[in-house]
Amino acid sequence: KPVTEATAVKAPVLPDAQTVTDVKHWTDSLFSFKVSRPASLRFRSGEFVMIGLLGDNGKPLLRAYSIASPSWDEELEFYSIKVQDGPLTSKLQHIKPGDQIILRPKPVGTLVHDALLPGKRLWFFATGTGFAPFASLLREPQTYEDYDEVIITHTCREVAELEYGRQLIEDIRKDEMLAELMGEGFADKIRYYPTTTREQSPKMGRITELLKDGTVFADLAIEGGIQPDTDRAMVCGSLAFNLDIKKILEDFGLREGANSDPKEFVIEKAFVG
Ligand code: A2P
């Protein structure tokens with residue numbers, strides 16, 4: 001019997017489907033993955049999109065994820081937590097190359113260069129998977145065109161949770177294609193400051209405490225601390241972290257900016273569950 005339109009069994013087609021091309025598991029609770037990029041998708045490094053899977057009820061189950069790859073890249077990269085009973089990540093953690101995910105092609109976000117006034121030194125403050133937007137911005141040429149120095153701090157509970165960021169920065173430093181794109185010597189502008197809070201490592205403590213007691217400035221030989229005329233900051237972590245850093249930056253005299261109203265720092269909540 002010939003297969004007709006009516007009798008053919010069609011594979012279900014996801015709305016806004018993209019194909020998974022690579023998956024890396026970093027710890028029991030962290031993984032990163034790459035997906036194909038819709039030809040029409042334009043975004044600014046640091047922005048996020050809604051991604052997800054079809055839920056059991058047949059409806060899309062979507063969450064906001066920072067794009068971890070830079071705006072010029074052919075593929076899209078994401079960095080995610082795995083929560084065993086998390087509605088989305090309990091499933092998403094099992095994706096394999098060739099699988100499809102849903103990606104709504106509407107990038108938005110405040111962790112973008114347009115939301116900051118010109119400055120000399122740019123701080124990226126991240127906890128946990130809040131590193132993701134900075135993985136994008138660290139590979140964005142404008143970051144090095146606009147600033148003399150880029151300081152990335154990353155606070156995690158354990159050493160293994162730093163590995164995605166540590167390796168990314170190590171790779172950036174020796175990538176010849178990036179050096180061509182960003183200009184020779186760009187990597188010398190990056191200063192990486194990882195800290196852990198629950199496992200022994202060379203630098204322990206919450207970055208908030210290390211800022212308040214001046215340890216960060218002593219370690220990095222920065223005189224005068226954070227200053228509103230030269231220093232700019234982008235923050236991405238848990239809600240509590242963001243509030244604490246906001247207070248610290250405001251005490252240094254920095255003001256929170258937005259796309260429509262650029263100032264000295266911007267904040268966005270990392271997806272945490
Ligand atoms: P701590 O271990 O002292 O809670 P989480 O896994 O809970 O999202 O935290 C990720 C990292 O961010 C941990 O190292 C944690 O430190 C740190 N952290 C959590 N909340 C804050 C905060 N309000 N200020 C500074 N660091 C924080």
# chains A, B, ... in the order shown; residues from 1 in each chain; ligands from 1
>>> select_by_dssp(residues="stretch 123-225 of chain A", states="strand (DSSP E or B)", output="short mmCIF file (atom, residue, chain, number, x, y, z; two decimals) with N, CA and C atoms, in the first residue's frame")
data_model
loop_
_atom_site.label_atom_id
_atom_site.label_comp_id
_atom_site.auth_asym_id
_atom_site.auth_seq_id
_atom_site.Cartn_x
_atom_site.Cartn_y
_atom_site.Cartn_z
N TRP A 123 35.36 44.44 35.38
CA TRP A 123 35.27 43.31 36.30
C TRP A 123 34.09 42.42 35.91
N PHE A 124 34.34 41.12 35.84
CA PHE A 124 33.26 40.14 35.71
C PHE A 124 33.20 39.39 37.04
N PHE A 125 32.06 39.47 37.74
CA PHE A 125 31.90 38.75 39.01
C PHE A 125 30.90 37.62 38.82
N ALA A 126 31.36 36.37 38.96
CA ALA A 126 30.47 35.23 38.74
C ALA A 126 30.52 34.26 39.91
N THR A 127 29.37 33.63 40.20
CA THR A 127 29.35 32.43 41.04
C THR A 127 28.70 31.31 40.23
N GLU A 149 42.08 46.28 30.86
CA GLU A 149 42.23 45.18 31.80
C GLU A 149 40.86 44.54 32.03
N VAL A 150 40.82 43.20 32.05
CA VAL A 150 39.57 42.48 32.27
C VAL A 150 39.80 41.48 33.41
N ILE A 151 39.12 41.70 34.53
CA ILE A 151 39.31 40.83 35.69
C ILE A 151 38.08 39.94 35.83
N ILE A 152 38.30 38.63 35.79
CA ILE A 152 37.18 37.70 35.93
C ILE A 152 37.33 36.96 37.27
N THR A 153 36.36 37.16 38.16
CA THR A 153 36.36 36.42 39.41
C THR A 153 35.28 35.35 39.34
N HIS A 154 35.57 34.18 39.88
CA HIS A 154 34.60 33.08 39.86
C HIS A 154 34.66 32.38 41.21
N THR A 155 33.56 32.41 41.94
CA THR A 155 33.49 31.74 43.24
C THR A 155 32.58 30.53 43.15
N CYS A 156 33.12 29.38 43.55
CA CYS A 156 32.36 28.14 43.59
C CYS A 156 32.60 27.44 44.91
N ILE A 190 43.62 39.73 30.41
CA ILE A 190 42.74 38.92 31.26
C ILE A 190 43.44 38.58 32.57
N ARG A 191 42.75 38.86 33.68
CA ARG A 191 43.25 38.44 34.99
C ARG A 191 42.17 37.56 35.62
N TYR A 192 42.55 36.33 35.91
CA TYR A 192 41.59 35.32 36.38
C TYR A 192 41.76 35.16 37.88
N TYR A 193 40.65 35.26 38.62
CA TYR A 193 40.70 35.21 40.09
C TYR A 193 39.64 34.23 40.63
N PRO A 194 39.98 32.92 40.60
CA PRO A 194 39.03 31.91 41.09
C PRO A 194 39.12 31.73 42.60
N THR A 195 37.98 31.54 43.25
CA THR A 195 38.00 31.24 44.69
C THR A 195 37.01 30.11 45.00
N THR A 196 37.31 29.35 46.06
CA THR A 196 36.38 28.32 46.52
C THR A 196 35.99 28.59 47.97
N MET A 204 40.79 30.98 49.00
CA MET A 204 39.51 30.59 49.60
C MET A 204 38.71 31.80 50.02
#
>>> residues_near_ligand(ligand="ligand 1", cutoff="8 Å", atoms="only C-alpha atoms and all ligand atoms", output="list of chain:residue names")
A:Thr127, A:Gly128, A:Thr155, A:Cys156, A:Arg157, A:Glu158, A:Thr195, A:Thr196, A:Thr197, A:Arg198, A:Gly205, A:Arg206, A:Ile207, A:Thr208, A:Glu209, A:Gly237, A:Ser238, A:Leu239, A:Ala240, A:Phe241, A:Asn242, A:Leu243, A:Asp244, A:Ile245, A:Val272
>>> closest_residue(among="A:Asp28, A:Glu140, A:Asp146, A:Glu223", to="A:Gln93", atoms="only C-alpha atoms")
A:Asp28
>>> residues_around(residues="stretch 167-170 of chain A", least_positions_apart="3", cutoff="9 Å", atoms="only C-alpha atoms", output="list of chain:residue names")
A:Ala135, A:Leu138, A:Leu162, A:Glu163, A:Tyr164, A:Arg173, A:Lys174, A:Asp175, A:Ala187, A:Ile190, A:Tyr192
>>> residues_around(residues="A:Asp16", least_positions_apart="4", cutoff="10 Å", atoms="only C-alpha atoms", output="mmCIF file with C-alpha atoms, in the first residue's frame")
data_model
loop_
_atom_site.group_PDB
_atom_site.id
_atom_site.type_symbol
_atom_site.label_atom_id
_atom_site.label_comp_id
_atom_site.auth_asym_id
_atom_site.auth_seq_id
_atom_site.Cartn_x
_atom_site.Cartn_y
_atom_site.Cartn_z
ATOM 1 C CA PRO A 38 19.613 29.502 13.572
ATOM 2 C CA ILE A 51 15.823 27.128 25.693
ATOM 3 C CA GLN A 100 17.007 18.362 19.376
ATOM 4 C CA ILE A 101 16.259 21.126 21.835
ATOM 5 C CA ILE A 102 13.945 24.113 21.582
ATOM 6 C CA LEU A 103 15.555 27.529 21.244
ATOM 7 C CA ARG A 104 13.446 30.669 21.063
ATOM 8 C CA PRO A 105 15.468 33.055 18.901
#
>>> residues_around(residues="A:Met182", least_positions_apart="5", cutoff="8 Å", atoms="only C-alpha atoms", output="PyMOL selection string")
chain A and resi 140-141+144-145
>>> write_last_selection(atoms="C-alpha atoms", output="compact mmCIF listing (two decimals), in the first residue's frame")
# COMPACT_ATOMS: atom_id res chain seq x y z
CA GLU A 140 34.16 39.09 22.32
CA PRO A 141 36.60 41.46 20.54
CA TYR A 144 39.48 44.13 24.57
CA GLU A 145 38.85 47.13 22.32
>>> closest_residue(among="A:Phe265, A:Phe131, A:Phe43, A:Phe252", to="A:Leu30", atoms="only C-alpha atoms")
A:Phe131
